[in-house]
Amino acid sequence: MMSKKCKYALKALIFLAKNQDKGNLFTADIATQENIPKKFLEQILLVLKRAGYVGSQTGYGGGYFLLKPAPSITVADIHRLFDGAIALVPCVAVDYYQKCADCNDEVTCTMRREFMKIKEQTRLVMKETSIASFLEE
């Protein structure tokens with residue numbers, strides 16, 4: 001299941017993309033419009049900023065803005081940033097691989113084989129779904 005942090009990050013990115021024509025956006029405005037606790041959103045925006053997805057400006061006209069175009073930011077990117085592996089079981093994860101304690105042989109494990117298929121299909125859909133996808137009618 002996707003964490004609230006990841007979901008809120010996606011909501012913030014969608015809001016920023018939807019309102020790009022309005023210039024830099026304040027954290028308080030994003031929090032209010034998207035029903036995200038402001039302090040929690042501030043932490044999320046800092047992670048997104050460090051990862052290069054958003055930028056910020058202080059002072060007059062300050063606020064947050066997208067650094068990358070909405071079509072280039074995928075759900076897979078944001079999920080990995082906040083929640084780690086897309087895999088449902090650790091033995092099919094790439095970066096977060098762990099051998100299952102109850103598995104005798106990964107090569108012949110039918111559970112692993114099927115969860116590998118599920119992970120790959122999920123990854124493909126998440127990779128094809130960008131922030132811009134959420135803006136389409």
# chains A, B, ... in the order shown; residues from 1 in each chain; ligands from 1
$ residues_around --residues "Gln98 of chain A" --least-positions-apart "3" --cutoff "12 Å" --atoms "only C-alpha atoms" --output "list in words"
Ala85, Ala87, Leu88, Val89, Pro90, Cys91, Val92, Ala93, Val94, Asp95, Ala101, Asp102, Cys103, Glu106 and Arg112 of chain A
$ select_by_dssp --residues "chain A" --states "strand (DSSP E)" --output "list in words"
Val54, Gly55, Ser56, Gln57, Gly63, Tyr64, Phe65 and Leu66 of chain A
$ residues_around --residues "segment 57-69 of chain A" --least-positions-apart "2" --cutoff "8 Å" --atoms "only C-alpha atoms" --output "list in words"
Leu13, Leu16, Ala17, Gln20, Gly23, Asn24, Leu25, Phe26, Thr27, Gly52, Tyr53, Val54, Gly55, Pro71, Ser72 and Ile73 of chain A
$ closest_residue --among "A:Glu137, A:Asp21, A:Glu114, A:Asp83" --to "Ser3 of chain A" --atoms "only C-alpha atoms"
A:Asp83
$ select_by_dssp --residues "segment 32-137 of chain A" --states "alpha helix (DSSP H)" --output "mmCIF file with N, CA and C atoms, in the first residue's frame"
data_model
loop_
_atom_site.group_PDB
_atom_site.id
_atom_site.type_symbol
_atom_site.label_atom_id
_atom_site.label_comp_id
_atom_site.auth_asym_id
_atom_site.auth_seq_id
_atom_site.Cartn_x
_atom_site.Cartn_y
_atom_site.Cartn_z
ATOM 1 N N THR A 32 -3.819 23.680 2.149
ATOM 2 C CA THR A 32 -5.254 23.960 2.284
ATOM 3 C C THR A 32 -6.044 23.344 1.138
ATOM 4 N N GLN A 33 -5.599 23.591 -0.072
ATOM 5 C CA GLN A 33 -6.323 23.108 -1.253
ATOM 6 C C GLN A 33 -6.342 21.586 -1.348
ATOM 7 N N GLU A 34 -5.262 20.943 -0.925
ATOM 8 C CA GLU A 34 -5.149 19.490 -1.063
ATOM 9 C C GLU A 34 -5.418 18.736 0.241
ATOM 10 N N LYS A 38 0.035 20.984 7.017
ATOM 11 C CA LYS A 38 1.093 21.883 6.537
ATOM 12 C C LYS A 38 2.492 21.430 6.942
ATOM 13 N N LYS A 39 2.690 21.054 8.186
ATOM 14 C CA LYS A 39 4.023 20.624 8.645
ATOM 15 C C LYS A 39 4.482 19.363 7.911
ATOM 16 N N PHE A 40 3.553 18.456 7.685
ATOM 17 C CA PHE A 40 3.851 17.226 6.953
ATOM 18 C C PHE A 40 4.221 17.564 5.513
ATOM 19 N N LEU A 41 3.477 18.477 4.898
ATOM 20 C CA LEU A 41 3.749 18.895 3.527
ATOM 21 C C LEU A 41 5.119 19.558 3.414
ATOM 22 N N GLU A 42 5.493 20.345 4.404
ATOM 23 C CA GLU A 42 6.811 20.989 4.370
ATOM 24 C C GLU A 42 7.924 19.946 4.304
ATOM 25 N N GLN A 43 7.798 18.876 5.080
ATOM 26 C CA GLN A 43 8.789 17.793 5.062
ATOM 27 C C GLN A 43 8.821 17.122 3.687
ATOM 28 N N ILE A 44 7.647 16.883 3.133
ATOM 29 C CA ILE A 44 7.535 16.231 1.821
ATOM 30 C C ILE A 44 8.167 17.092 0.737
ATOM 31 N N LEU A 45 7.880 18.389 0.759
ATOM 32 C CA LEU A 45 8.433 19.297 -0.246
ATOM 33 C C LEU A 45 9.953 19.387 -0.151
ATOM 34 N N LEU A 46 10.490 19.273 1.049
ATOM 35 C CA LEU A 46 11.951 19.268 1.196
ATOM 36 C C LEU A 46 12.569 18.036 0.545
ATOM 37 N N VAL A 47 11.935 16.885 0.709
ATOM 38 C CA VAL A 47 12.420 15.658 0.063
ATOM 39 C C VAL A 47 12.341 15.810 -1.458
ATOM 40 N N LEU A 48 11.225 16.338 -1.948
ATOM 41 C CA LEU A 48 11.056 16.548 -3.396
ATOM 42 C C LEU A 48 12.076 17.555 -3.925
ATOM 43 N N LYS A 49 12.391 18.554 -3.123
ATOM 44 C CA LYS A 49 13.385 19.559 -3.523
ATOM 45 C C LYS A 49 14.780 18.930 -3.605
ATOM 46 N N ARG A 50 15.150 18.164 -2.573
ATOM 47 C CA ARG A 50 16.466 17.499 -2.570
ATOM 48 C C ARG A 50 16.614 16.541 -3.743
ATOM 49 N N VAL A 75 4.850 8.234 -11.433
ATOM 50 C CA VAL A 75 4.411 7.667 -10.157
ATOM 51 C C VAL A 75 5.481 6.718 -9.629
ATOM 52 N N ALA A 76 6.131 5.989 -10.516
ATOM 53 C CA ALA A 76 7.203 5.075 -10.093
ATOM 54 C C ALA A 76 8.340 5.844 -9.420
ATOM 55 N N ASP A 77 8.724 6.986 -9.984
ATOM 56 C CA ASP A 77 9.793 7.809 -9.401
ATOM 57 C C ASP A 77 9.450 8.231 -7.978
ATOM 58 N N ILE A 78 8.245 8.721 -7.804
ATOM 59 C CA ILE A 78 7.832 9.258 -6.509
ATOM 60 C C ILE A 78 7.619 8.127 -5.502
ATOM 61 N N HIS A 79 7.062 7.014 -5.956
ATOM 62 C CA HIS A 79 6.876 5.866 -5.069
ATOM 63 C C HIS A 79 8.225 5.378 -4.554
ATOM 64 N N ARG A 80 9.193 5.253 -5.440
ATOM 65 C CA ARG A 80 10.525 4.792 -5.017
ATOM 66 C C ARG A 80 11.173 5.782 -4.047
ATOM 67 N N LEU A 81 10.966 7.068 -4.292
ATOM 68 C CA LEU A 81 11.553 8.097 -3.438
ATOM 69 C C LEU A 81 11.011 8.018 -2.012
ATOM 70 N N PHE A 82 9.709 7.797 -1.873
ATOM 71 C CA PHE A 82 9.087 7.823 -0.548
ATOM 72 C C PHE A 82 8.854 6.440 0.063
ATOM 73 N N ASP A 83 8.559 5.452 -0.770
ATOM 74 C CA ASP A 83 8.174 4.136 -0.242
ATOM 75 C C ASP A 83 9.133 3.010 -0.593
ATOM 76 N N THR A 110 7.306 -20.921 -7.168
ATOM 77 C CA THR A 110 6.199 -20.411 -7.997
ATOM 78 C C THR A 110 5.668 -19.085 -7.457
ATOM 79 N N MET A 111 5.733 -18.879 -6.155
ATOM 80 C CA MET A 111 5.318 -17.598 -5.574
ATOM 81 C C MET A 111 6.189 -16.471 -6.135
ATOM 82 N N ARG A 112 7.497 -16.694 -6.127
ATOM 83 C CA ARG A 112 8.424 -15.680 -6.633
ATOM 84 C C ARG A 112 8.175 -15.412 -8.119
ATOM 85 N N ARG A 113 7.974 -16.471 -8.877
ATOM 86 C CA ARG A 113 7.732 -16.332 -10.317
ATOM 87 C C ARG A 113 6.516 -15.442 -10.582
ATOM 88 N N GLU A 114 5.419 -15.691 -9.896
ATOM 89 C CA GLU A 114 4.188 -14.938 -10.128
ATOM 90 C C GLU A 114 4.281 -13.511 -9.593
ATOM 91 N N PHE A 115 4.934 -13.346 -8.426
ATOM 92 C CA PHE A 115 5.087 -11.998 -7.893
ATOM 93 C C PHE A 115 6.051 -11.165 -8.728
ATOM 94 N N MET A 116 6.953 -11.815 -9.430
ATOM 95 C CA MET A 116 7.836 -11.118 -10.364
ATOM 96 C C MET A 116 7.002 -10.524 -11.504
ATOM 97 N N LYS A 117 6.042 -11.299 -12.006
ATOM 98 C CA LYS A 117 5.148 -10.814 -13.065
ATOM 99 C C LYS A 117 4.314 -9.634 -12.573
ATOM 100 N N ILE A 118 3.774 -9.762 -11.369
ATOM 101 C CA ILE A 118 2.955 -8.691 -10.789
ATOM 102 C C ILE A 118 3.778 -7.416 -10.625
ATOM 103 N N LYS A 119 4.992 -7.569 -10.107
ATOM 104 C CA LYS A 119 5.865 -6.411 -9.907
ATOM 105 C C LYS A 119 6.170 -5.725 -11.230
ATOM 106 N N GLU A 120 6.465 -6.506 -12.244
ATOM 107 C CA GLU A 120 6.838 -5.926 -13.528
ATOM 108 C C GLU A 120 5.665 -5.181 -14.165
ATOM 109 N N GLN A 121 4.473 -5.761 -14.114
ATOM 110 C CA GLN A 121 3.293 -5.083 -14.674
ATOM 111 C C GLN A 121 2.979 -3.803 -13.888
ATOM 112 N N THR A 122 3.069 -3.879 -12.574
ATOM 113 C CA THR A 122 2.827 -2.707 -11.734
ATOM 114 C C THR A 122 3.847 -1.622 -12.038
ATOM 115 N N ARG A 123 5.105 -2.012 -12.138
ATOM 116 C CA ARG A 123 6.176 -1.057 -12.436
ATOM 117 C C ARG A 123 5.947 -0.366 -13.771
ATOM 118 N N LEU A 124 5.548 -1.151 -14.783
ATOM 119 C CA LEU A 124 5.303 -0.568 -16.108
ATOM 120 C C LEU A 124 4.185 0.468 -16.071
ATOM 121 N N VAL A 125 3.096 0.149 -15.404
ATOM 122 C CA VAL A 125 1.976 1.087 -15.320
ATOM 123 C C VAL A 125 2.392 2.337 -14.540
ATOM 124 N N MET A 126 3.104 2.145 -13.434
ATOM 125 C CA MET A 126 3.540 3.290 -12.633
ATOM 126 C C MET A 126 4.539 4.155 -13.395
ATOM 127 N N LYS A 127 5.353 3.529 -14.223
ATOM 128 C CA LYS A 127 6.340 4.263 -15.015
ATOM 129 C C LYS A 127 5.675 5.034 -16.162
ATOM 130 N N GLU A 128 4.582 4.500 -16.674
ATOM 131 C CA GLU A 128 3.844 5.163 -17.765
ATOM 132 C C GLU A 128 2.911 6.254 -17.256
#
$ closest_residue --among "A:Cys100, A:Val107, A:Ile131, A:Ile86" --to "Ala9 of chain A" --atoms "only C-alpha atoms"
A:Ile131
$ atom_distance --atom1 "atom CA of Ala12 of chain A" --atom2 "atom CA of Ala31 of chain A"
8.1 Å
